[in-house]
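Pasted below: model.cif, mmCIF, C-alpha atoms.
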data_model
loop_
_atom_site.label_atom_id
_atom_site.label_comp_id
_atom_site.auth_asym_id
_atom_site.auth_seq_id
_atom_site.Cartn_x
_atom_site.Cartn_y
_atom_site.Cartn_z
CA MET A 1 14.67 21.39 -21.07
CA GLN A 2 15.30 17.89 -22.39
CA SER A 3 12.76 16.61 -24.92
CA GLU A 4 11.68 13.04 -25.48
CA THR A 5 13.46 10.99 -28.14
CA VAL A 6 12.66 7.56 -29.58
CA THR A 7 15.10 5.34 -31.49
CA ILE A 8 15.57 1.67 -32.33
CA GLU A 9 18.75 0.08 -30.97
CA THR A 10 20.32 -3.37 -30.98
CA VAL A 11 21.14 -4.08 -27.35
CA SER A 12 23.98 -6.50 -26.60
CA PRO A 13 24.45 -8.30 -23.25
CA ALA A 14 27.19 -5.81 -22.34
CA GLN A 15 24.96 -2.86 -23.19
CA ALA A 16 22.06 -4.46 -21.28
CA GLN A 17 24.23 -4.58 -18.15
CA LYS A 18 25.19 -0.96 -18.61
CA TYR A 19 21.53 0.04 -18.84
CA LEU A 20 20.65 -2.04 -15.77
CA ASN A 21 23.33 -0.14 -13.86
CA GLN A 22 21.27 2.98 -14.59
CA ALA A 23 18.03 1.52 -13.19
CA SER A 24 15.81 3.77 -11.11
CA PRO A 25 15.70 2.87 -7.38
CA GLN A 26 11.90 2.65 -7.76
CA GLN A 27 12.10 -0.46 -9.91
CA ARG A 28 10.07 -3.34 -8.53
CA ASN A 29 11.62 -6.59 -7.33
CA VAL A 30 12.87 -8.85 -10.11
CA SER A 31 10.73 -11.85 -11.05
CA GLU A 32 13.13 -14.61 -11.99
CA LYS A 33 10.27 -16.49 -13.69
CA GLN A 34 9.63 -13.51 -15.95
CA VAL A 35 13.34 -13.22 -16.79
CA ALA A 36 13.51 -16.96 -17.57
CA HIS A 37 10.45 -16.69 -19.82
CA TYR A 38 11.94 -13.88 -21.90
CA ALA A 39 15.36 -15.58 -22.00
CA ARG A 40 13.79 -18.76 -23.35
CA LEU A 41 12.05 -16.80 -26.11
CA MET A 42 15.35 -15.15 -27.01
CA THR A 43 17.26 -18.44 -27.02
CA GLU A 44 14.62 -19.99 -29.28
CA GLU A 45 14.71 -16.89 -31.51
CA ARG A 46 11.02 -16.21 -30.84
CA PHE A 47 11.52 -12.82 -29.17
CA VAL A 48 10.45 -10.01 -31.51
CA LEU A 49 10.64 -6.22 -31.55
CA SER A 50 7.50 -4.79 -29.94
CA ASN A 51 6.12 -1.49 -28.66
CA ASP A 52 7.33 -2.26 -25.11
CA ALA A 53 10.26 0.13 -25.03
CA LEU A 54 13.33 0.60 -22.90
CA VAL A 55 12.49 3.89 -21.21
CA PHE A 56 14.84 6.37 -19.53
CA ASP A 57 13.65 9.37 -17.54
CA THR A 58 15.00 12.93 -17.55
CA LYS A 59 17.71 11.83 -15.07
CA ASN A 60 18.81 9.09 -17.51
CA GLN A 61 17.50 6.41 -15.15
CA LEU A 62 15.99 3.22 -16.57
CA ILE A 63 12.29 3.08 -15.65
CA ASN A 64 11.02 0.24 -17.87
CA CYS A 65 12.13 -3.17 -19.24
CA GLN A 66 14.58 -4.39 -16.61
CA HIS A 67 13.30 -7.99 -17.02
CA ARG A 68 13.97 -8.01 -20.76
CA LEU A 69 17.47 -6.59 -20.24
CA ARG A 70 18.23 -9.30 -17.69
CA ALA A 71 16.96 -11.86 -20.18
CA ILE A 72 19.42 -10.57 -22.80
CA ILE A 73 22.25 -11.22 -20.34
CA ALA A 74 20.87 -14.64 -19.37
CA SER A 75 20.45 -15.75 -23.00
CA GLY A 76 23.59 -14.09 -24.35
CA LYS A 77 21.55 -12.89 -27.33
CA SER A 78 21.47 -9.31 -28.61
CA GLN A 79 17.98 -7.96 -29.31
CA GLN A 80 16.39 -4.96 -30.97
CA PHE A 81 14.39 -2.55 -28.81
CA ILE A 82 12.63 0.75 -29.10
CA VAL A 83 14.57 3.06 -26.76
CA ALA A 84 12.76 6.11 -25.40
CA ARG A 85 14.61 8.83 -23.50
CA GLY A 86 13.75 12.00 -21.62
CA PHE A 87 10.45 10.90 -20.12
CA ARG A 88 9.14 12.35 -16.85
CA PRO A 89 9.93 10.09 -13.84
CA GLU A 90 6.25 9.83 -12.84
CA SER A 91 5.42 8.12 -16.15
CA PHE A 92 6.78 5.00 -14.40
CA VAL A 93 3.38 4.72 -12.67
CA VAL A 94 1.44 3.89 -15.84
CA MET A 95 3.92 1.65 -17.68
CA ASP A 96 3.56 -2.10 -18.06
CA ARG A 97 0.08 -2.30 -16.50
CA PRO A 98 -0.44 -6.07 -17.14
CA PHE A 99 2.36 -6.64 -14.60
CA ALA A 100 1.10 -3.94 -12.28
CA ARG A 101 3.34 -1.96 -9.99
CA ARG A 102 2.04 -1.46 -6.47
CA THR A 103 1.74 1.78 -4.55
CA VAL A 104 4.40 0.68 -2.08
CA GLN A 105 7.02 0.92 -4.84
CA PHE A 106 6.47 4.66 -5.12
CA ILE A 107 6.65 5.52 -1.41
CA GLN A 108 10.22 6.30 -0.40
CA ARG A 109 9.94 6.09 3.39
CA ILE A 110 9.96 3.64 6.27
CA TYR A 111 6.78 1.57 6.68
CA ALA A 112 5.95 2.11 3.00
CA SER A 113 3.70 -0.94 2.87
CA THR A 114 1.60 0.30 5.78
CA ALA A 115 1.37 3.78 4.22
CA SER A 116 0.27 2.23 0.92
CA ASN A 117 -2.52 0.23 2.55
CA CYS A 118 -3.58 3.17 4.70
CA ALA A 119 -3.91 5.29 1.56
CA HIS A 120 -5.91 2.54 -0.14
CA PHE A 121 -8.55 2.75 2.58
CA GLY A 122 -8.37 6.54 2.49
CA VAL A 123 -9.24 6.56 -1.21
CA LEU A 124 -12.11 4.14 -0.64
CA TRP A 125 -13.41 6.35 2.16
CA GLU A 126 -13.24 9.45 -0.05
CA ARG A 127 -15.20 7.67 -2.76
CA GLU A 128 -17.81 6.51 -0.24
CA ALA A 129 -16.89 2.91 -1.06
CA PHE A 130 -15.43 2.07 2.34
CA PRO A 131 -14.38 -0.47 3.43
CA TYR A 132 -14.36 -2.49 0.24
CA THR A 133 -15.93 -2.48 -3.19
CA ARG A 134 -14.94 -5.35 -5.44
CA ASP A 135 -15.42 -3.42 -8.68
CA LEU A 136 -13.52 -0.28 -7.65
CA LYS A 137 -9.89 -0.15 -8.73
CA VAL A 138 -7.53 2.03 -6.70
CA GLU A 139 -4.53 3.04 -8.78
CA PRO A 140 -1.13 3.87 -7.27
CA GLN A 141 -1.42 7.49 -8.30
CA ASP A 142 -4.74 7.73 -6.43
CA CYS A 143 -3.04 6.59 -3.25
CA LEU A 144 -0.07 8.91 -3.71
CA GLU A 145 -2.33 11.89 -4.25
CA TRP A 146 -4.29 11.03 -1.11
CA LEU A 147 -1.10 10.76 0.97
CA ARG A 148 0.13 14.12 -0.32
CA LYS A 149 -3.18 15.71 0.57
CA GLU A 150 -3.53 13.92 3.92
CA ASP A 151 0.09 13.94 5.04
CA SER A 152 -1.09 13.56 8.65
CA ALA A 153 -1.77 9.92 7.73
CA LEU A 154 1.98 9.28 7.76
CA ARG A 155 2.07 10.18 11.44
CA SER A 156 -0.65 7.60 12.01
CA VAL A 157 1.39 5.03 10.08
CA ASP A 158 4.38 5.67 12.34
CA CYS A 159 2.19 5.40 15.44
CA ILE A 160 0.89 1.97 14.46
CA HIS A 161 4.46 0.67 14.28
CA GLU A 162 5.72 2.51 17.34
CA THR A 163 2.89 1.03 19.41
CA LYS A 164 3.63 -2.47 18.05
CA ALA A 165 0.02 -2.76 16.89
CA ALA A 166 1.32 -3.52 13.39
CA ARG A 167 2.48 -6.93 14.64
CA LEU A 168 -1.15 -8.00 14.91
CA GLY A 169 -1.76 -7.58 11.18
CA MET A 170 -3.98 -5.15 9.26
CA ALA A 171 -1.39 -2.42 9.86
CA GLY A 172 -2.65 -0.23 7.02
CA PHE A 173 -6.25 -0.50 8.16
CA LEU A 174 -5.32 0.29 11.76
CA ALA A 175 -3.29 3.30 10.60
CA PHE A 176 -6.32 4.52 8.67
CA LEU A 177 -8.50 4.19 11.77
CA HIS A 178 -5.93 6.15 13.82
CA TRP A 179 -5.91 8.89 11.17
CA TYR A 180 -9.69 8.95 10.82
CA TYR A 181 -10.54 9.32 14.50
CA THR A 182 -7.81 11.85 15.29
CA ASN A 183 -8.22 13.98 12.15
CA LEU A 184 -11.77 13.53 10.87
CA GLU A 185 -13.71 12.96 14.08
CA GLY A 186 -11.54 15.19 16.26
CA CYS A 187 -11.18 12.62 19.04
CA ASP A 188 -8.63 13.11 21.79
CA PRO A 189 -5.31 12.01 20.22
CA VAL A 190 -4.03 10.83 23.62
CA THR A 191 -6.98 8.45 23.94
CA VAL A 192 -6.54 7.21 20.38
CA ASP A 193 -2.79 6.67 20.86
CA GLU A 194 -3.41 4.89 24.16
CA PHE A 195 -5.84 2.51 22.46
CA PHE A 196 -3.14 1.40 20.03
CA TYR A 197 -0.39 1.23 22.65
CA ARG A 198 -2.51 -1.08 24.78
CA LEU A 199 -3.56 -3.07 21.73
CA GLY A 200 0.05 -3.51 20.67
CA ASP A 201 1.72 -4.53 23.92
CA GLY A 202 -1.24 -6.07 25.79
CA VAL A 203 -0.03 -4.61 29.08
CA GLY A 204 -2.32 -3.45 31.90
CA MET A 205 -5.63 -4.46 30.38
CA ARG A 206 -8.73 -5.67 32.18
CA VAL A 207 -11.04 -8.43 30.98
CA ASP A 208 -13.66 -5.96 29.74
CA ASP A 209 -11.29 -3.60 27.88
CA PRO A 210 -12.06 -3.19 24.15
CA GLU A 211 -8.33 -3.39 23.38
CA LEU A 212 -8.14 -6.87 24.91
CA ALA A 213 -11.25 -8.03 23.07
CA LEU A 214 -9.78 -6.86 19.75
CA ARG A 215 -6.31 -8.18 20.52
CA ASN A 216 -7.73 -11.64 21.23
CA ARG A 217 -9.54 -11.56 17.89
CA LEU A 218 -6.49 -10.47 15.91
CA ILE A 219 -4.02 -12.91 17.45
CA GLY A 220 -6.47 -15.83 17.54
CA ARG A 221 -6.94 -18.33 14.74
CA ASP A 222 -10.73 -18.41 14.66
CA GLY A 223 -11.06 -18.24 10.89
CA SER A 224 -12.52 -14.73 10.88
CA SER A 225 -12.51 -13.05 7.48
CA VAL A 226 -10.56 -9.88 6.77
CA ARG A 227 -13.85 -7.99 6.59
CA ALA A 228 -14.87 -9.34 10.01
CA ARG A 229 -11.55 -8.32 11.58
CA GLN A 230 -11.99 -4.84 10.15
CA ALA A 231 -15.45 -4.70 11.72
CA PHE A 232 -14.00 -5.85 15.06
CA ALA A 233 -11.43 -3.05 14.94
CA ILE A 234 -14.02 -0.35 14.29
CA LYS A 235 -16.27 -1.64 17.06
CA ALA A 236 -13.40 -1.84 19.54
CA ILE A 237 -11.98 1.64 18.96
CA LYS A 238 -15.44 3.22 19.08
CA ALA A 239 -16.10 1.41 22.37
CA ARG A 240 -12.85 2.83 23.80
CA LEU A 241 -13.62 6.35 22.59
CA THR A 242 -17.11 6.28 24.10
CA GLY A 243 -16.07 4.64 27.37
CA LYS A 244 -17.86 1.34 26.85
CA SER A 245 -16.67 -2.04 28.10
CA MET A 246 -16.30 -5.01 25.74
CA ARG A 247 -15.54 -8.60 26.66
CA LEU A 248 -15.87 -10.03 23.15
CA CYS A 249 -15.80 -8.49 19.68
CA ARG A 250 -18.70 -9.79 17.62
CA TRP A 251 -19.80 -9.10 14.07
CA LEU A 252 -21.88 -11.35 11.83
CA ALA A 253 -21.73 -11.26 8.05
CA VAL A 254 -25.51 -10.72 7.96
CA GLU A 255 -25.09 -7.45 9.91
CA ALA A 256 -24.48 -4.09 8.31
CA PHE A 257 -20.81 -3.15 8.37
CA PRO A 258 -20.08 -0.81 11.31
CA GLU A 259 -20.15 2.89 10.49
CA LEU A 260 -16.89 4.75 10.85
CA GLU A 261 -18.63 7.99 11.73
CA LEU A 262 -19.51 8.64 15.35
CA SER A 263 -23.21 9.20 15.92
CA PRO A 264 -24.30 12.34 17.82
CA SER A 265 -24.62 10.36 21.04
CA GLU A 266 -21.22 8.73 20.50
CA LYS A 267 -19.68 12.15 19.90
CA ARG A 268 -21.11 13.41 23.17
CA ALA A 269 -19.75 10.34 24.98
CA ALA A 270 -16.34 10.79 23.35
CA GLU A 271 -16.26 14.53 24.12
CA VAL A 272 -15.17 15.26 20.58
CA LYS A 273 -13.49 18.63 20.11
CA ALA A 274 -15.61 21.23 18.35
#
Encoded form (structure tokens):
Amino acid sequence: MQSETVTIETVSPAQAQKYLNQASPQQRNVSEKQVAHYARLMTEERFVLSNDALVFDTKNQLINCQHRLRAIIASGKSQQFIVARGFRPESFVVMDRPFARRTVQFIQRIYASTASNCAHFGVLWEREAFPYTRDLKVEPQDCLEWLRKEDSALRSVDCIHETKAARLGMAGFLAFLHWYYTNLEGCDPVTVDEFFYRLGDGVGMRVDDPELALRNRLIGRDGSSVRARQAFAIKAIKARLTGKSMRLCRWLAVEAFPELELSPSEKRAAEVKA
């Protein structure tokens, strides 16, 4: 088993390129502004050795400091770095927190952004902070752990895109609603899927269908807040599940946020599976 090692190296532009060729595929997108900032410090000889190391994992993949390496190439100046090797790949999650990596960068699948946002709401729900608590921070590892535990959420993510509902925005939130009502409330999955199919393509709806009321809210430019649109979505899907008509989605900021959970009477109307 490979153990961790730490050394100090002088990294030339040629060596910097070699290390960049070993970069992990999970590296975030490059910020050219960040590269330019470091390159300017190097050119002006104001860049100093610090504790922010070049880090390689157990597969010899670079998992930290790609911006500084690019700056070495841009400036043409060799620099000293602490070089750490043999670290576990998942340590990537907690490195360089001031320039935070997002959950989506750790999800290696199609619709990663939707899965990331779906998991965000899942974590909030688990912590009884749904739909939003300003002071609660959801870390990437929290979202990844939730997705591993609730892998059925990935099927909901796929459904939101297959039904074209994702085109209306709030894809992660809609995926969470799909997961919640099919897995937590035990609602008929056919009815839930149908709601999102009709919402996504807008075909075959009547004027009092909840899907049409929600669709009009999501595609309209009425200045509704994100919180309001989330409330509209909950109201609309609960109306569909309980067989109610809806000509217009309404929610005022002075109202309590709609409950996700179906009440006993709503469960009876939705014929929830025991």
Please write the residues picked by the PyMOL selection byres ((chain A and resi 78) around 6) on this file as a list of chain:residue names.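 Output of the PyMOL selection byres ((chain A and resi 78) around 6): A:Val11, A:Ser12, A:Lys77, A:Gln79.
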Within 9 Å of Val192 in chain A using all atoms listed in the file, minus same-chain residues under 2 positions, as a ChimeraX atom specification: /A:178,181-182,187-190,194-197,237,240-241
Between A:Ala236, A:Arg227, A:Glu271, A:Thr43, single out the one closest to Glu255 in chain A, counting all atoms listed in the file. A:Arg227
Provide the CA of Val138 in chain A to CA of Leu124 in chain A distance in Å, to one decimal place. 7.9 Å
Kindly provide, as a compact mmCIF listing (two decimals) with C-alpha atoms, keeping the file's coordinate frame, the polymer residues lying within 7 Å of (-15.1, -11.6, 17.8), counting all atoms listed in the file and using the coordinates exactly as they appear in the file.
# COMPACT_ATOMS: atom_id res chain seq x y z
CA ARG A 217 -9.54 -11.56 17.89
CA PHE A 232 -14.00 -5.85 15.06
CA LEU A 248 -15.87 -10.03 23.15
CA CYS A 249 -15.80 -8.49 19.68
CA ARG A 250 -18.70 -9.79 17.62
CA TRP A 251 -19.80 -9.10 14.07
Selection in question (the file shown): the PyMOL selection byres ((chain A and resi 45) around 12). Which residues does it include, as JSON, numbers by chain? {"A": [38, 39, 40, 41, 42, 43, 44, 46, 47, 48, 49, 72, 75, 76, 77, 78, 79]}
Could you list, as a count of residues only, every residue matched by the PyMOL selection byres ((chain A and resi 55) around 10) in this structure? 24
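Note that the spacing between CA of Cys118 in chain A and CA of Glu259 in chain A amounts to 17.6 Å.
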A:Ala119, A:Ile160, A:Ile8, A:Ala36 ranked by distance to Leu69 in chain A, top pick (using all atoms listed in the file):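 With all atoms listed in the file as the atom set, the closest residue is A:Ala36.
Of the listed residues A:Ile234, A:Leu212, A:Leu218, A:Ala269, the one whose atoms come nearest to Met246 in chain A is A:Leu212, with distances taken using only C-alpha atoms.
Taking only C-alpha atoms into account, Gly186 in chain A lies nearest to A:Ala270 out of the set A:Ala270, A:Ala71, A:Val203, A:Ala115.
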Residue nearest Glu162 in chain A among A:Glu266, A:Arg127, A:Arg198, A:His67 (counting all atoms listed in the file): A:Arg198
Using only C-alpha atoms, which of A:Asp158, A:Glu126, A:Asp209, A:Asp142 sits nearest Thr114 in chain A?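 Between A:Asp158, A:Glu126, A:Asp209, A:Asp142, the residue approaching Thr114 in chain A most closely is A:Asp158.
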